[in-house]
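Below is one structure, written out as structure tokens; the observations come after it.
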Amino acid sequence: MSGDDRRDYDGYARLGLDRSGQAEAFDSIGDRYDEAFPHKEGQLETGAWLAATLPPGSRILDLGCGTGLPTARQLADAGHHVVGVDLSAGMLDLARGNVPGAEFHLADLADLRDGRLGSFDGVAAFFALLMLPRTEIPHALRMLHDLLRPGGLLALSMVEADVDDFAIPFLGNTIRVSGYLREELRQVVCEAGFEIAGENSLAYAPASTDVPPEIQLFLNLRRA
């Protein structure tokens, strides 16, 4: 990561990264998350693009890895070295059992700005950045850009919604989420230094009535 981008995220961090309640919510949700979202065709398709486009044995960061299903397992089964990161210790306990061949760390996204986990050939960020306030998302994307090796790939998904740090009920808990309409999301990722190699969207109805239907956006990105 360049010094300028590290200072950029540091400047934001000094404002106070408020994750209060987010990790605790997912600790309590545990494997009910996979029960509520049993069909993940868009995530699997984009994960397959990442797994197949990178050479076998590539080092891939699974950001907000959750229980490790399906992405960490999908990437590990394809022969890649997977490094999973999540804020929830409870989710990581499940991930270690689900994907014993991967490496997992309890960390905040912003903690990675010092390069402590090294560089990567690819990053999977499925619904991880939507947990951030909008002001932080461009900083996070630039940081991921600089954690990637030249030509590295980012598989990104977001929920299409014009919201910022909005509190919603979620499986008996409350979490805060942000989103973009798709044209604005395209602009944000390009401004962070990525080229769009492909995209997809689908309507998704979770199995739980506690979570409303949503439009999921999937972007296949390459570090420019």
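By convention here, the chains of the structure tokens are called A, B, ... in the order presented, each chain's residues are numbered starting at 1, and ligands are numbered starting at 1 in the order presented.
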Discussion item. Considering only strand (DSSP E or B) as DSSP defines it on the backbone, what residues of range 4-179 of chain A qualify? List them as a ChimeraX atom specification.
Written reply: /A:59-63,81-86,103-106,120-126,148-160,166-170,173-177
Practice prompt. Write out as a list in words each polymer residue whose atoms come within 9 Å of Leu109 in chain A, counting only C-alpha atoms; drop sequence neighbours fewer than 4 positions from it.
Written response: Leu63, Gly64, Val85, Asp86, Leu87, Arg113 and Ala140 of chain A
Fill in: Distance of CA of Val159 in chain A from CA of Ala205 in chain A, expressed in Å to one decimal place
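A separation of 12.1 Å between them.
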Taking only residues of range 89-168 of chain A that have an atom at most 6 Å from an atom of range 173-189 of chain A, what is each one's shortest atom pair and its distance in Å to one decimal, using only C-alpha atoms, in chain and number order, as CSV?
residue,atom,partner,partner_atom,distance
A:Leu130,CA,A:Ser178,CA,4.9
A:Met131,CA,A:Val177,CA,4.8
A:Pro133,CA,A:Ser178,CA,5.9
A:Glu160,CA,A:Leu181,CA,5.2
A:Ala161,CA,A:Gly179,CA,4.8
A:Asp162,CA,A:Tyr180,CA,5.0
A:Val163,CA,A:Ser178,CA,5.1
A:Asp164,CA,A:Ser178,CA,4.3
A:Asp165,CA,A:Val177,CA,4.9
A:Phe166,CA,A:Arg176,CA,5.0
A:Ala167,CA,A:Arg176,CA,4.2
A:Ile168,CA,A:Thr174,CA,5.6
Can I get the selected residues back with all heavy atoms, as a PDB file, in the first residue's frame?
ATOM      1  N   LEU A 130     -20.825  -3.490   2.507  1.00  0.00           N
ATOM      2  CA  LEU A 130     -22.111  -2.870   2.813  1.00  0.00           C
ATOM      3  C   LEU A 130     -22.286  -2.656   4.315  1.00  0.00           C
ATOM      4  O   LEU A 130     -23.186  -1.941   4.749  1.00  0.00           O
ATOM      5  CB  LEU A 130     -23.270  -3.667   2.234  1.00  0.00           C
ATOM      6  CG  LEU A 130     -23.564  -5.087   2.714  1.00  0.00           C
ATOM      7  CD1 LEU A 130     -24.376  -5.106   3.995  1.00  0.00           C
ATOM      8  CD2 LEU A 130     -24.303  -5.869   1.636  1.00  0.00           C
ATOM      9  N   MET A 131     -21.392  -3.259   5.128  1.00  0.00           N
ATOM     10  CA  MET A 131     -21.450  -3.051   6.573  1.00  0.00           C
ATOM     11  C   MET A 131     -20.785  -1.746   6.998  1.00  0.00           C
ATOM     12  O   MET A 131     -20.755  -1.418   8.186  1.00  0.00           O
ATOM     13  CB  MET A 131     -20.763  -4.223   7.291  1.00  0.00           C
ATOM     14  CG  MET A 131     -21.255  -5.597   6.878  1.00  0.00           C
ATOM     15  SD  MET A 131     -22.995  -5.866   7.248  1.00  0.00           S
ATOM     16  CE  MET A 131     -22.971  -5.812   9.020  1.00  0.00           C
ATOM     17  N   PRO A 133     -20.119   2.572   6.696  1.00  0.00           N
ATOM     18  CA  PRO A 133     -20.738   3.824   6.242  1.00  0.00           C
ATOM     19  C   PRO A 133     -20.167   4.217   4.886  1.00  0.00           C
ATOM     20  O   PRO A 133     -19.027   3.875   4.555  1.00  0.00           O
ATOM     21  CB  PRO A 133     -20.365   4.827   7.331  1.00  0.00           C
ATOM     22  CG  PRO A 133     -19.173   4.247   7.992  1.00  0.00           C
ATOM     23  CD  PRO A 133     -19.300   2.762   7.899  1.00  0.00           C
ATOM     24  N   GLU A 160     -28.114  -3.514  -3.932  1.00  0.00           N
ATOM     25  CA  GLU A 160     -28.466  -2.241  -4.568  1.00  0.00           C
ATOM     26  C   GLU A 160     -29.492  -1.506  -3.714  1.00  0.00           C
ATOM     27  O   GLU A 160     -30.637  -1.951  -3.559  1.00  0.00           O
ATOM     28  CB  GLU A 160     -29.024  -2.458  -5.976  1.00  0.00           C
ATOM     29  CG  GLU A 160     -29.287  -1.137  -6.678  1.00  0.00           C
ATOM     30  CD  GLU A 160     -29.672  -1.293  -8.134  1.00  0.00           C
ATOM     31  OE1 GLU A 160     -30.249  -2.344  -8.487  1.00  0.00           O
ATOM     32  OE2 GLU A 160     -29.400  -0.365  -8.918  1.00  0.00           O
ATOM     33  N   ALA A 161     -29.060  -0.375  -3.144  1.00  0.00           N
ATOM     34  CA  ALA A 161     -29.943   0.424  -2.289  1.00  0.00           C
ATOM     35  C   ALA A 161     -29.291   1.779  -2.071  1.00  0.00           C
ATOM     36  O   ALA A 161     -28.078   1.879  -1.901  1.00  0.00           O
ATOM     37  CB  ALA A 161     -30.172  -0.262  -0.946  1.00  0.00           C
ATOM     38  N   ASP A 162     -30.088   2.805  -2.084  1.00  0.00           N
ATOM     39  CA  ASP A 162     -29.585   4.158  -1.863  1.00  0.00           C
ATOM     40  C   ASP A 162     -29.698   4.478  -0.367  1.00  0.00           C
ATOM     41  O   ASP A 162     -30.565   5.235   0.059  1.00  0.00           O
ATOM     42  CB  ASP A 162     -30.397   5.145  -2.706  1.00  0.00           C
ATOM     43  CG  ASP A 162     -29.816   6.551  -2.674  1.00  0.00           C
ATOM     44  OD1 ASP A 162     -28.667   6.714  -2.223  1.00  0.00           O
ATOM     45  OD2 ASP A 162     -30.517   7.488  -3.095  1.00  0.00           O
ATOM     46  N   VAL A 163     -28.818   3.849   0.440  1.00  0.00           N
ATOM     47  CA  VAL A 163     -28.857   4.017   1.891  1.00  0.00           C
ATOM     48  C   VAL A 163     -27.438   4.210   2.422  1.00  0.00           C
ATOM     49  O   VAL A 163     -26.461   3.756   1.812  1.00  0.00           O
ATOM     50  CB  VAL A 163     -29.520   2.819   2.605  1.00  0.00           C
ATOM     51  CG1 VAL A 163     -30.976   2.689   2.210  1.00  0.00           C
ATOM     52  CG2 VAL A 163     -28.776   1.519   2.305  1.00  0.00           C
ATOM     53  N   ASP A 164     -27.340   4.845   3.569  1.00  0.00           N
ATOM     54  CA  ASP A 164     -26.041   5.115   4.183  1.00  0.00           C
ATOM     55  C   ASP A 164     -26.124   4.881   5.688  1.00  0.00           C
ATOM     56  O   ASP A 164     -26.846   5.581   6.397  1.00  0.00           O
ATOM     57  CB  ASP A 164     -25.611   6.564   3.903  1.00  0.00           C
ATOM     58  CG  ASP A 164     -24.240   6.900   4.488  1.00  0.00           C
ATOM     59  OD1 ASP A 164     -23.492   5.965   4.842  1.00  0.00           O
ATOM     60  OD2 ASP A 164     -23.928   8.097   4.585  1.00  0.00           O
ATOM     61  N   ASP A 165     -25.394   3.858   6.149  1.00  0.00           N
ATOM     62  CA  ASP A 165     -25.305   3.556   7.584  1.00  0.00           C
ATOM     63  C   ASP A 165     -26.706   3.448   8.188  1.00  0.00           C
ATOM     64  O   ASP A 165     -26.998   4.021   9.233  1.00  0.00           O
ATOM     65  CB  ASP A 165     -24.479   4.631   8.289  1.00  0.00           C
ATOM     66  CG  ASP A 165     -23.861   4.117   9.594  1.00  0.00           C
ATOM     67  OD1 ASP A 165     -23.630   2.912   9.704  1.00  0.00           O
ATOM     68  OD2 ASP A 165     -23.616   4.956  10.490  1.00  0.00           O
ATOM     69  N   PHE A 166     -27.557   2.689   7.531  1.00  0.00           N
ATOM     70  CA  PHE A 166     -28.979   2.597   7.868  1.00  0.00           C
ATOM     71  C   PHE A 166     -29.222   1.365   8.732  1.00  0.00           C
ATOM     72  O   PHE A 166     -28.806   0.254   8.386  1.00  0.00           O
ATOM     73  CB  PHE A 166     -29.789   2.516   6.575  1.00  0.00           C
ATOM     74  CG  PHE A 166     -31.272   2.501   6.766  1.00  0.00           C
ATOM     75  CD1 PHE A 166     -31.933   3.633   7.227  1.00  0.00           C
ATOM     76  CD2 PHE A 166     -32.009   1.361   6.472  1.00  0.00           C
ATOM     77  CE1 PHE A 166     -33.319   3.628   7.392  1.00  0.00           C
ATOM     78  CE2 PHE A 166     -33.386   1.343   6.630  1.00  0.00           C
ATOM     79  CZ  PHE A 166     -34.036   2.486   7.103  1.00  0.00           C
ATOM     80  N   ALA A 167     -29.875   1.544   9.871  1.00  0.00           N
ATOM     81  CA  ALA A 167     -30.143   0.439  10.783  1.00  0.00           C
ATOM     82  C   ALA A 167     -31.310  -0.400  10.278  1.00  0.00           C
ATOM     83  O   ALA A 167     -32.371   0.139   9.935  1.00  0.00           O
ATOM     84  CB  ALA A 167     -30.437   0.966  12.183  1.00  0.00           C
ATOM     85  N   ILE A 168     -31.107  -1.723  10.225  1.00  0.00           N
ATOM     86  CA  ILE A 168     -32.164  -2.625   9.790  1.00  0.00           C
ATOM     87  C   ILE A 168     -32.247  -3.815  10.748  1.00  0.00           C
ATOM     88  O   ILE A 168     -31.245  -4.233  11.331  1.00  0.00           O
ATOM     89  CB  ILE A 168     -31.931  -3.149   8.351  1.00  0.00           C
ATOM     90  CG1 ILE A 168     -30.629  -3.963   8.276  1.00  0.00           C
ATOM     91  CG2 ILE A 168     -31.940  -2.016   7.347  1.00  0.00           C
ATOM     92  CD1 ILE A 168     -30.469  -4.724   6.976  1.00  0.00           C
TER      93      ILE A 168
END
Discussion item. With only C-alpha atoms as the counted atoms, please give the residues lying no more than 7 Å from His81 in chain A, apart from itself and same-chain residues fewer than 6 positions off, as a count of residues only.
Written reply: 5
Discussion item. What parts of range 51-123 of chain A does DSSP call helix (DSSP H, G or I)? I'd like the answer as a list in words.
Written reply: Ala51, Ala52, Thr53, Thr71, Ala72, Arg73, Gln74, Leu75, Ala76, Asp77, Ala89, Gly90, Met91, Leu92, Asp93, Leu94, Ala95, Arg96, Gly97, Asn98, Leu109, Ala110, Asp111, Leu112, Arg113 and Asp114 of chain A
Practice prompt. Could you check how far CA of Glu199 in chain A sits from CA of Gly152 in chain A, in Å to one decimal?
Written response: 16.7 Å
Discussion item. Which residues are close to Asn98 in chain A, i.e. within 8 Å by only C-alpha atoms, leaving aside same-chain residues fewer than 2 positions away? Reply as a list of chain:residue names.
Written reply: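 What passes the distance filter is A:Thr67, A:Gly68, A:Leu69, A:Arg73, A:Leu94, A:Ala95, A:Arg96, A:Pro100.
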Taking N, CA and C atoms for each residue, export the selection above as a tab-separated table (two decimals), in the first residue's frame.
chain	number	residue	atom	x	y	z
A	67	THR	N	-18.98	-17.74	7.96
A	67	THR	CA	-18.81	-19.15	8.33
A	67	THR	C	-17.86	-19.90	7.40
A	68	GLY	N	-17.34	-19.21	6.39
A	68	GLY	CA	-16.48	-19.86	5.41
A	68	GLY	C	-17.24	-20.48	4.27
A	69	LEU	N	-18.58	-20.45	4.34
A	69	LEU	CA	-19.43	-21.02	3.29
A	69	LEU	C	-20.20	-19.92	2.59
A	73	ARG	N	-14.53	-22.08	1.26
A	73	ARG	CA	-14.44	-23.49	0.87
A	73	ARG	C	-14.32	-23.61	-0.64
A	94	LEU	N	-16.84	-21.15	13.36
A	94	LEU	CA	-17.54	-21.99	12.39
A	94	LEU	C	-16.70	-22.15	11.13
A	95	ALA	N	-16.06	-21.06	10.68
A	95	ALA	CA	-15.27	-21.11	9.45
A	95	ALA	C	-14.10	-22.08	9.58
A	96	ARG	N	-13.45	-22.07	10.73
A	96	ARG	CA	-12.30	-22.98	10.92
A	96	ARG	C	-12.73	-24.43	10.84
A	100	PRO	N	-11.00	-26.26	7.13
A	100	PRO	CA	-9.80	-26.42	7.94
A	100	PRO	C	-8.50	-26.10	7.22
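For the residues A:Met158, A:Leu144, A:Ala197, A:Ala76, ranking by smallest atom-to-atom distance to Ala128 in chain A using only C-alpha atoms places A:Met158 first.
You will find CA of Ala125 in chain A at 6.3 Å from CA of Asp62 in chain A.
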Item to complete: Write out as a ChimeraX atom specification the residues lying within 12 Å of range 146-148 of chain A, counting only C-alpha atoms and excluding same-chain residues fewer than 5 positions away.
Response: /A:1-6,9,58-61,109,112-124,139-141,153-155,192-194,221-224
